[in-house]
Each structure stands twice: as structure tokens, then as C-alpha cells.
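Raw upload-v5.tsv, TSV, C-alpha atoms:
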chain	number	residue	atom	x	y	z
Q	1074	MET	CA	-2.45	-0.55	10.56
Q	1075	SER	CA	-3.62	0.27	14.06
Q	1076	GLY	CA	-5.38	3.49	14.93
Q	1077	HIS	CA	-2.50	4.41	17.23
Q	1078	SER	CA	0.00	4.14	14.41
Q	1079	LYS	CA	-2.15	6.26	12.10
Q	1080	TRP	CA	-2.53	9.01	14.68
Q	1081	SER	CA	1.20	9.01	15.33
Q	1082	THR	CA	1.75	9.32	11.58
Q	1083	ILE	CA	-0.61	12.30	11.43
Q	1084	LYS	CA	1.24	14.01	14.29
Q	1085	HIS	CA	4.56	13.35	12.55
Q	1086	LYS	CA	3.25	14.78	9.28
Q	1087	LYS	CA	1.73	17.78	11.05
Q	1088	GLY	CA	5.07	18.54	12.66
Q	1089	LYS	CA	6.76	18.39	9.27
Q	1090	ALA	CA	3.98	20.48	7.74
Q	1091	ASP	CA	4.42	23.18	10.37
Q	1092	ALA	CA	8.15	23.26	9.67
Q	1093	LYS	CA	7.85	23.04	5.87
Q	1094	ARG	CA	4.41	24.48	5.18
Q	1095	GLY	CA	5.48	26.05	1.88
Q	1096	GLN	CA	6.73	22.71	0.54
Q	1097	ILE	CA	3.52	20.94	1.60
Q	1098	PHE	CA	1.41	23.58	-0.16
Q	1099	THR	CA	3.54	23.22	-3.31
Q	1100	LYS	CA	2.83	19.48	-3.41
Q	1101	LEU	CA	-0.88	20.02	-2.83
Q	1102	ALA	CA	-1.03	22.73	-5.51
Q	1103	LYS	CA	0.46	20.29	-8.05
Q	1104	TYR	CA	-2.11	17.67	-7.11
Q	1105	ILE	CA	-5.00	20.13	-7.45
Q	1106	ALA	CA	-3.73	21.47	-10.79
Q	1107	VAL	CA	-3.41	17.99	-12.30
Q	1108	ALA	CA	-6.87	16.99	-11.07
Q	1109	SER	CA	-8.34	20.19	-12.52
Q	1110	ARG	CA	-6.57	19.68	-15.86
Q	1111	GLU	CA	-7.73	16.07	-16.18
Q	1112	GLY	CA	-11.36	16.35	-15.07
Q	1113	GLY	CA	-12.36	20.01	-15.15
Q	1114	SER	CA	-12.40	22.81	-12.59
Q	1115	ASP	CA	-15.77	22.01	-10.97
Q	1116	PRO	CA	-15.16	19.79	-7.90
Q	1117	GLU	CA	-18.81	18.70	-7.89
Q	1118	MET	CA	-18.26	17.13	-11.31
Q	1119	ASN	CA	-14.67	16.01	-10.67
Q	1120	ALA	CA	-14.23	13.53	-7.79
Q	1121	LYS	CA	-10.44	13.64	-7.97
Q	1122	LEU	CA	-10.40	17.44	-7.70
Q	1123	LYS	CA	-12.85	17.29	-4.81
Q	1124	GLU	CA	-10.59	14.85	-2.96
Q	1125	ALA	CA	-7.57	17.09	-3.65
Q	1126	ILE	CA	-9.35	20.16	-2.27
Q	1127	VAL	CA	-10.55	18.29	0.84
Q	1128	LYS	CA	-6.99	17.12	1.47
Q	1129	ALA	CA	-5.65	20.67	0.99
Q	1130	LYS	CA	-8.19	22.18	3.37
Q	1131	ALA	CA	-7.39	19.53	6.00
Q	1132	ALA	CA	-3.78	20.76	5.73
Q	1133	ASN	CA	-4.97	24.36	6.24
Q	1134	MET	CA	-3.99	25.46	2.74
Q	1135	PRO	CA	-5.41	28.97	2.08
Q	1136	ASN	CA	-8.41	29.17	-0.26
Q	1137	GLU	CA	-6.58	31.61	-2.55
Q	1138	ASN	CA	-3.80	29.04	-3.07
Q	1139	ILE	CA	-6.39	26.38	-3.85
Q	1140	ASP	CA	-8.22	28.64	-6.32
Q	1141	ARG	CA	-4.96	29.55	-8.06
Q	1142	ALA	CA	-4.00	25.89	-8.45
Q	1143	VAL	CA	-7.43	25.04	-9.89
Q	1144	LYS	CA	-7.09	27.88	-12.42
Q	1145	LYS	CA	-3.59	26.76	-13.42
Q	1146	GLY	CA	-4.86	23.27	-14.06
Q	1147	ALA	CA	-7.78	24.59	-16.09
Q	1148	GLY	CA	-5.44	26.70	-18.22
Q	1149	GLU	CA	-6.69	30.03	-16.89
Q	1150	LEU	CA	-3.26	30.78	-15.41
Q	1151	GLN	CA	0.18	29.83	-16.69
Q	1152	GLY	CA	1.86	26.90	-14.97
Q	1153	SER	CA	3.98	23.79	-15.48
Q	1154	VAL	CA	2.44	20.58	-16.82
Q	1155	TYR	CA	2.92	17.65	-14.47
Q	1156	GLU	CA	2.66	13.94	-15.15
Q	1157	GLU	CA	1.48	11.33	-12.65
Q	1158	ILE	CA	3.86	8.42	-12.20
Q	1159	THR	CA	3.56	5.69	-9.55
Q	1160	TYR	CA	6.59	3.63	-8.56
Q	1161	GLU	CA	6.54	0.33	-6.67
Q	1162	GLY	CA	9.33	-1.42	-4.83
Q	1163	TYR	CA	10.69	-2.69	-1.57
Q	1164	GLY	CA	12.15	-0.98	1.46
Q	1165	PRO	CA	14.43	-2.47	4.13
Q	1166	GLY	CA	13.39	-5.91	5.34
Q	1167	GLY	CA	11.14	-6.49	2.34
Q	1168	VAL	CA	8.60	-3.79	3.24
Q	1169	ALA	CA	6.30	-3.11	0.26
Q	1170	VAL	CA	6.40	0.52	-0.86
Q	1171	ILE	CA	4.27	2.52	-3.31
Q	1172	ILE	CA	5.44	6.03	-4.23
Q	1173	GLU	CA	3.00	8.38	-5.96
Q	1174	THR	CA	4.61	11.30	-7.80
Q	1175	LEU	CA	3.76	14.32	-9.92
Q	1176	THR	CA	6.66	15.49	-12.05
Q	1177	ASP	CA	7.69	17.68	-14.96
Q	1178	ASN	CA	10.95	15.72	-15.29
Q	1179	LYS	CA	10.58	11.92	-15.33
Q	1180	ASN	CA	14.33	11.24	-15.37
Q	1181	ARG	CA	14.95	13.37	-12.28
Q	1182	THR	CA	12.08	11.81	-10.34
Q	1183	ALA	CA	12.94	8.22	-11.27
Q	1184	GLY	CA	16.54	8.83	-10.21
Q	1185	ASP	CA	15.47	10.36	-6.88
Q	1186	VAL	CA	13.07	7.49	-6.12
Q	1187	ARG	CA	15.66	4.85	-6.98
Q	1188	HIS	CA	18.30	6.64	-4.87
Q	1189	ALA	CA	16.05	6.83	-1.78
Q	1190	LEU	CA	15.27	3.12	-2.03
Q	1191	ASP	CA	18.82	1.96	-2.79
Q	1192	LYS	CA	20.39	4.15	-0.09
Q	1193	ASN	CA	18.20	2.60	2.58
Q	1194	GLY	CA	18.43	-1.09	1.74
Q	1195	GLY	CA	15.51	-1.27	-0.68
Q	1196	ASN	CA	15.10	-1.54	-4.42
Q	1197	LEU	CA	12.83	-0.31	-7.19
Q	1198	GLY	CA	10.51	-2.98	-8.60
Q	1199	THR	CA	8.34	-3.36	-11.66
Q	1200	SER	CA	4.86	-1.90	-11.99
Q	1201	GLY	CA	2.38	-4.10	-10.11
Q	1202	CYS	CA	4.98	-5.91	-8.00
Q	1203	VAL	CA	3.41	-4.79	-4.68
Q	1204	GLY	CA	0.22	-2.97	-5.71
Q	1205	PHE	CA	-1.88	-6.10	-5.25
Q	1206	LEU	CA	-1.10	-5.98	-1.52
Q	1207	PHE	CA	-3.03	-2.71	-1.08
Q	1208	THR	CA	-6.66	-1.59	-1.39
Q	1209	LYS	CA	-7.80	1.99	-2.01
Q	1210	LYS	CA	-10.03	3.39	0.73
Q	1211	GLY	CA	-11.19	6.82	1.80
Q	1212	GLN	CA	-9.66	7.61	5.19
Q	1213	ILE	CA	-10.98	10.47	7.35
Q	1214	MET	CA	-9.53	11.25	10.76
Q	1215	ILE	CA	-11.28	13.41	13.38
Q	1216	GLU	CA	-9.59	14.28	16.67
Q	1217	LYS	CA	-11.48	13.65	19.90
Q	1218	THR	CA	-12.92	16.69	21.67
Q	1219	ASP	CA	-15.28	16.99	24.65
Q	1220	ASP	CA	-18.17	18.16	22.48
Q	1221	ILE	CA	-18.14	15.19	20.08
Q	1222	ASP	CA	-20.83	12.59	20.70
Q	1223	GLU	CA	-19.34	9.33	19.44
Q	1224	GLU	CA	-22.67	7.67	18.70
Q	1225	ALA	CA	-23.98	10.74	16.84
Q	1226	LEU	CA	-20.78	10.92	14.75
Q	1227	MET	CA	-21.00	7.22	13.96
Q	1228	MET	CA	-24.63	7.43	12.82
Q	1229	LEU	CA	-23.96	10.54	10.74
Q	1230	ALA	CA	-20.93	8.99	8.99
Q	1231	LEU	CA	-22.66	5.67	8.28
Q	1232	ASP	CA	-25.81	7.39	7.00
Q	1233	ALA	CA	-23.61	9.50	4.70
Q	1234	GLY	CA	-22.11	6.36	3.14
Q	1235	ALA	CA	-19.13	5.46	5.33
Q	1236	GLU	CA	-18.16	1.79	5.59
Q	1237	ASP	CA	-16.81	1.79	9.12
Q	1238	ILE	CA	-15.69	4.00	12.01
Q	1239	GLU	CA	-13.00	3.04	14.51
Q	1240	THR	CA	-12.23	4.75	17.80
Q	1241	ALA	CA	-8.72	5.28	19.19
Q	1242	ASP	CA	-7.49	7.25	22.21
Q	1243	GLU	CA	-6.73	10.24	19.99
Q	1244	GLY	CA	-9.81	10.27	17.80
Q	1245	TYR	CA	-11.97	8.60	15.17
Q	1246	GLU	CA	-11.02	7.00	11.86
Q	1247	ILE	CA	-13.77	6.81	9.26
Q	1248	SER	CA	-13.34	4.47	6.27
Q	1249	THR	CA	-15.20	4.82	2.96
Q	1250	GLU	CA	-15.18	3.46	-0.54
Q	1251	PRO	CA	-13.30	5.93	-2.78
Q	1252	ALA	CA	-16.52	6.83	-4.62
Q	1253	ASP	CA	-18.22	7.83	-1.33
Q	1254	PHE	CA	-15.27	9.77	0.12
Q	1255	GLY	CA	-16.26	13.25	-1.08
Q	1256	GLN	CA	-19.87	12.90	0.02
Q	1257	VAL	CA	-18.93	11.73	3.51
Q	1258	CYS	CA	-16.45	14.59	3.90
Q	1259	ASP	CA	-19.09	17.10	2.79
Q	1260	VAL	CA	-21.64	15.83	5.31
Q	1261	LEU	CA	-19.14	15.85	8.18
Q	1262	LYS	CA	-17.91	19.36	7.41
Q	1263	LYS	CA	-21.48	20.65	7.01
Q	1264	GLU	CA	-22.21	19.39	10.52
Q	1265	GLY	CA	-19.19	21.26	11.87
Q	1266	TYR	CA	-16.66	18.44	12.30
Q	1267	GLU	CA	-13.02	19.43	11.75
Q	1268	LEU	CA	-11.07	16.89	9.70
Q	1269	ALA	CA	-7.57	16.22	11.03
Q	1270	SER	CA	-6.76	14.31	7.85
Q	1271	ALA	CA	-8.73	13.27	4.78
Q	1272	GLU	CA	-7.41	11.34	1.78
Q	1273	ILE	CA	-7.79	8.35	-0.48
Q	1274	ALA	CA	-5.31	5.96	1.11
Q	1275	MET	CA	-3.70	2.68	0.08
Q	1276	ILE	CA	-4.44	0.23	2.90
Q	1277	PRO	CA	-2.19	-2.86	3.14
Q	1278	ALA	CA	-3.76	-6.30	3.47
Q	1279	THR	CA	-0.78	-7.61	5.45
Q	1280	GLU	CA	2.06	-5.97	7.35
Q	1281	VAL	CA	5.79	-6.50	7.75
Q	1282	GLU	CA	7.40	-6.10	11.16
Q	1283	LEU	CA	10.98	-4.83	11.36
Q	1284	THR	CA	12.87	-6.01	14.43
Q	1285	ASP	CA	16.37	-4.88	13.47
Q	1286	ALA	CA	17.19	-1.37	14.76
Q	1287	THR	CA	19.26	-0.59	11.66
Q	1288	GLU	CA	16.39	-1.52	9.33
Q	1289	ILE	CA	13.95	0.60	11.35
Q	1290	LYS	CA	16.34	3.55	11.14
Q	1291	LYS	CA	16.69	3.07	7.37
Q	1292	MET	CA	12.91	2.83	6.95
Q	1293	LEU	CA	12.37	6.11	8.79
Q	1294	LYS	CA	15.16	7.76	6.79
Q	1295	MET	CA	13.66	6.53	3.51
Q	1296	ILE	CA	10.23	7.93	4.39
Q	1297	ASP	CA	11.80	11.28	5.32
Q	1298	MET	CA	13.66	11.41	2.01
Q	1299	PHE	CA	10.41	10.88	0.12
Q	1300	ASP	CA	8.57	13.42	2.28
Q	1301	ASP	CA	11.25	16.01	1.52
Q	1302	ASN	CA	11.07	15.41	-2.26
Q	1303	GLU	CA	8.70	17.92	-3.90
Q	1304	ASP	CA	7.89	15.46	-6.71
Q	1305	VAL	CA	6.57	12.85	-4.25
Q	1306	GLN	CA	2.89	13.22	-3.38
Q	1307	ALA	CA	2.40	10.19	-1.15
Q	1308	VAL	CA	4.23	7.12	0.14
Q	1309	TRP	CA	2.32	3.99	1.13
Q	1310	HIS	CA	3.89	0.98	2.82
Q	1311	ASN	CA	3.01	-2.10	4.84
Q	1312	TRP	CA	5.52	-1.59	7.66
Q	1313	LYS	CA	4.08	-2.34	11.06
Q	1314	GLY	CA	5.71	0.60	12.83
Q	1315	GLU	CA	7.04	0.86	16.35
Q	1316	ASP	CA	3.84	2.55	17.52
Q	1317	ASP	CA	1.92	-0.67	16.92
Q	1318	GLU	CA	3.93	-2.60	19.43
So, in terms of C-alpha cells, how does the structure I just supplied come out?
Amino acid sequence: MSGHSKWSTIKHKKGKADAKRGQIFTKLAKYIAVASREGGSDPEMNAKLKEAIVKAKAANMPNENIDRAVKKGAGELQGSVYEEITYEGYGPGGVAVIIETLTDNKNRTAGDVRHALDKNGGNLGTSGCVGFLFTKKGQIMIEKTDDIDEEALMMLALDAGAEDIETADEGYEISTEPADFGQVCDVLKKEGYELASAEIAMIPATEVELTDATEIKKMLKMIDMFDDNEDVQAVWHNWKGEDDE
């Protein structure tokens, strides 16, 4: 996906986050709690928890909310027990879709995922049907400002373990192996860089272009339905969006 498309996606998500900040924080709190429950409450010893906290801080989630979620996951505070379930399928025009969820009610979540796909011209597939089309990568986005020296940022990121850094009009996209993601984030933040977005992303090897206006409308509607579902943590797809054109 092009840098332009990714920055447009971040702006879209930020707009939704500003409008539905409470819902975004609820999703992040679930993610943090599950990571804490599975691997312990120390982010330095738990890479998944570290990634969850980095993602939460990039979304401006308050530290007290983060701490409470960690404690719930560790059993220090009472809270629901969530299960991770990943669904795979196809959106309109054969777009590959991966939906990552955290749920305390599998039947409800499966029904909601199937409904969002069916309603918008897609269908739920079997596990593994599209996963092979994607590769996990750390993805860190930093907005351009006048005081950022591009060469200095590039050298810092690469020395910290980043694989690559790409420049777009809006900012910089830093790619890492998942194992190096937390370390690179730490180094960047220690040097004072503000992360516009930071997550372990599913990067598609190939993309599908939608040319039919109805299919594009359905694709956007499907993504919004998933974004609005509190059980859905992330949606990955290989649609080459309008911003790429």
C-alpha cells in the first residue's frame, strides 16, 4: 500500500477516534488486558503487552487507563475474560480481509463478522484462506515537522533495528520485523519523536483494485461496520484504495 493511502487511513482513524474516543479506549483496554493475562504484566518481558501499550499511547490513551487494563489482565482487578479469534474472508470484488477480534461471546462476534461481510457483498472463509497473502511487520508512522532531520531519523531508526524507512508528503513510515518493533519504538520515543501510529500490521503482498463505485461504497461501509464493533480489534485487507490512484 502506498504511503499516501496509509496516511489517509491514519487521518480517517484519527477522526473516528476523536468522535468515539471511549470506544477506541475500550478496544485498546481489551487488547492490553489479554496481553497481560497471557504473558505477564511486565512489558519488558512481554513483547505483546509492550506493543499493546505503544499502540495505546499513540492513540493518546491515558496512563491510568493503561495501568488499569494491565492489572485486570494480571488478575489484580476484576474484569471479563476475552478470547482472541481471527476471521478470514472476502470483501466486495474479491478483496482479501482479515478480522482480528477479542470477545467474551464467540457466537455474537461470529454473527456480527458474518453479517458485515454478507451485507456488503463479501463472505466469511475458512481459516488460512487469505492469511498467506499477508506478512506481519512492525509499522511506525511519524508526521513531518520542521524540526525533524530526515537523515538523522533514518540513521536512528536503522541503527535501532528498523528494516526500512519511507518518506511521503505527510511523514515517515518505518518498517520493522515484529521482534524489533518494541525496541525501535523505545529508541524513537527516547529521542523525542512523537509516533502518529505504531502497530504490528498485516501487509499484503498483492492488492486488489475496485473500479465499480458500488463495490467501493460497500467496501467503505464494511470497514466502518467493523470499526464500530467493539469486539473487532483490527481489520486488514488488500484493497488498493482510492487514495492510491
Atom CA of Val1203 of chain Q and atom CA of Glu1246 of chain Q are how many Å apart?
24.9 Å
For each of Q:Asp1177, Q:Asp1191, Q:Asp1237, Q:Glu1267, take the minimum atom-to-atom distance to Lys1217 of chain Q, counting only C-alpha atoms, then give the residue where this is smallest.
Q:Glu1267
Just to confirm, what's the straight-line distance from atom CA of Thr1287 of chain Q to atom CA of Val1170 of chain Q in Å (one decimal)?
18.0 Å
Find the spatial neighbours of Lys1128 of chain Q, counting only C-alpha atoms, within a cut-off of 12 Å - ignore same-chain residues fewer than 5 positions away - and output them as a PyMOL selection string.
chain Q and resi 1097-1098+1100-1102+1104-1105+1121-1123+1133-1135+1139+1211-1214+1254-1255+1258+1268-1274+1306-1307
Generate a file of the selected residues that holds C-alpha atoms, formatted as a CSV table (one decimal), in the frame of the given file.
chain,number,residue,atom,x,y,z
Q,1097,ILE,CA,3.5,20.9,1.6
Q,1098,PHE,CA,1.4,23.6,-0.2
Q,1100,LYS,CA,2.8,19.5,-3.4
Q,1101,LEU,CA,-0.9,20.0,-2.8
Q,1102,ALA,CA,-1.0,22.7,-5.5
Q,1104,TYR,CA,-2.1,17.7,-7.1
Q,1105,ILE,CA,-5.0,20.1,-7.4
Q,1121,LYS,CA,-10.4,13.6,-8.0
Q,1122,LEU,CA,-10.4,17.4,-7.7
Q,1123,LYS,CA,-12.8,17.3,-4.8
Q,1133,ASN,CA,-5.0,24.4,6.2
Q,1134,MET,CA,-4.0,25.5,2.7
Q,1135,PRO,CA,-5.4,29.0,2.1
Q,1139,ILE,CA,-6.4,26.4,-3.8
Q,1211,GLY,CA,-11.2,6.8,1.8
Q,1212,GLN,CA,-9.7,7.6,5.2
Q,1213,ILE,CA,-11.0,10.5,7.4
Q,1214,MET,CA,-9.5,11.2,10.8
Q,1254,PHE,CA,-15.3,9.8,0.1
Q,1255,GLY,CA,-16.3,13.2,-1.1
Q,1258,CYS,CA,-16.4,14.6,3.9
Q,1268,LEU,CA,-11.1,16.9,9.7
Q,1269,ALA,CA,-7.6,16.2,11.0
Q,1270,SER,CA,-6.8,14.3,7.8
Q,1271,ALA,CA,-8.7,13.3,4.8
Q,1272,GLU,CA,-7.4,11.3,1.8
Q,1273,ILE,CA,-7.8,8.4,-0.5
Q,1274,ALA,CA,-5.3,6.0,1.1
Q,1306,GLN,CA,2.9,13.2,-3.4
Q,1307,ALA,CA,2.4,10.2,-1.2
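Using only C-alpha atoms, the shortest contact distance between Gly1095 of chain Q and any of Q:Asn1138, Q:Thr1182, Q:Thr1240, Q:Asn1193 is found at Q:Asn1138.
What separates atom CA of Glu1173 of chain Q from atom CA of Glu1156 of chain Q is a distance of 10.7 Å.
Proximity to Gln1256 of chain Q was assessed for Q:Lys1313, Q:Ala1189, Q:Ala1233, Q:Glu1111 counting only C-alpha atoms; the smallest distance is recorded for Q:Ala1233.
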Using only C-alpha atoms for the distances, tell me which of Q:Glu1124, Q:Asp1304, Q:Glu1117, Q:Glu1137 is nearest to Asn1180 of chain Q.
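Selected residue with least distance to Asn1180 of chain Q: Q:Asp1304.
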List the spatial neighbours of Ile1276 of chain Q as number ranges by chain - criterion: any atom at most 7 Å away, all atoms listed in the file, same-chain residues fewer than 2 positions off excluded.
Q: 1207-1210, 1274, 1278
Within-12 Å shell of (-6.2, 27.9, -8.2) in input frame, all atoms listed in the file, as a VMD selection string:
chain Q and resid 1098 to 1099 1101 to 1110 1114 to 1115 1122 1125 to 1126 1129 1134 to 1152
So, counting all atoms listed in the file, which residue among Q:Asp1219, Q:Val1168, Q:Lys1130, Q:Trp1309 is closest to Ile1289 of chain Q?
Q:Val1168
Can you pull out the residues contacting Gly1184 of chain Q? Cut-off 12 Å, using all atoms listed in the file, and skip same-chain residues under 5 positions away; I want them as a PyMOL selection string.
chain Q and resi 1160+1178-1179+1189-1192+1196-1197+1302+1304
Of the residues Q:Val1257, Q:Ala1241, Q:Val1305, Q:Met1295, which is the one nearest to Ala1183 of chain Q, using all atoms listed in the file?
Q:Val1305
Output, as AutoDock Vina command-line options, the centre and edge lengths in Å (one decimal) of the axis-aligned box that contains all listed atoms of segment 1175-1191 of chain Q with 5 Å of margin on each side.
--center_x 11.3 --center_y 9.8 --center_z -8.6 --size_x 25.1 --size_y 25.7 --size_z 23.6
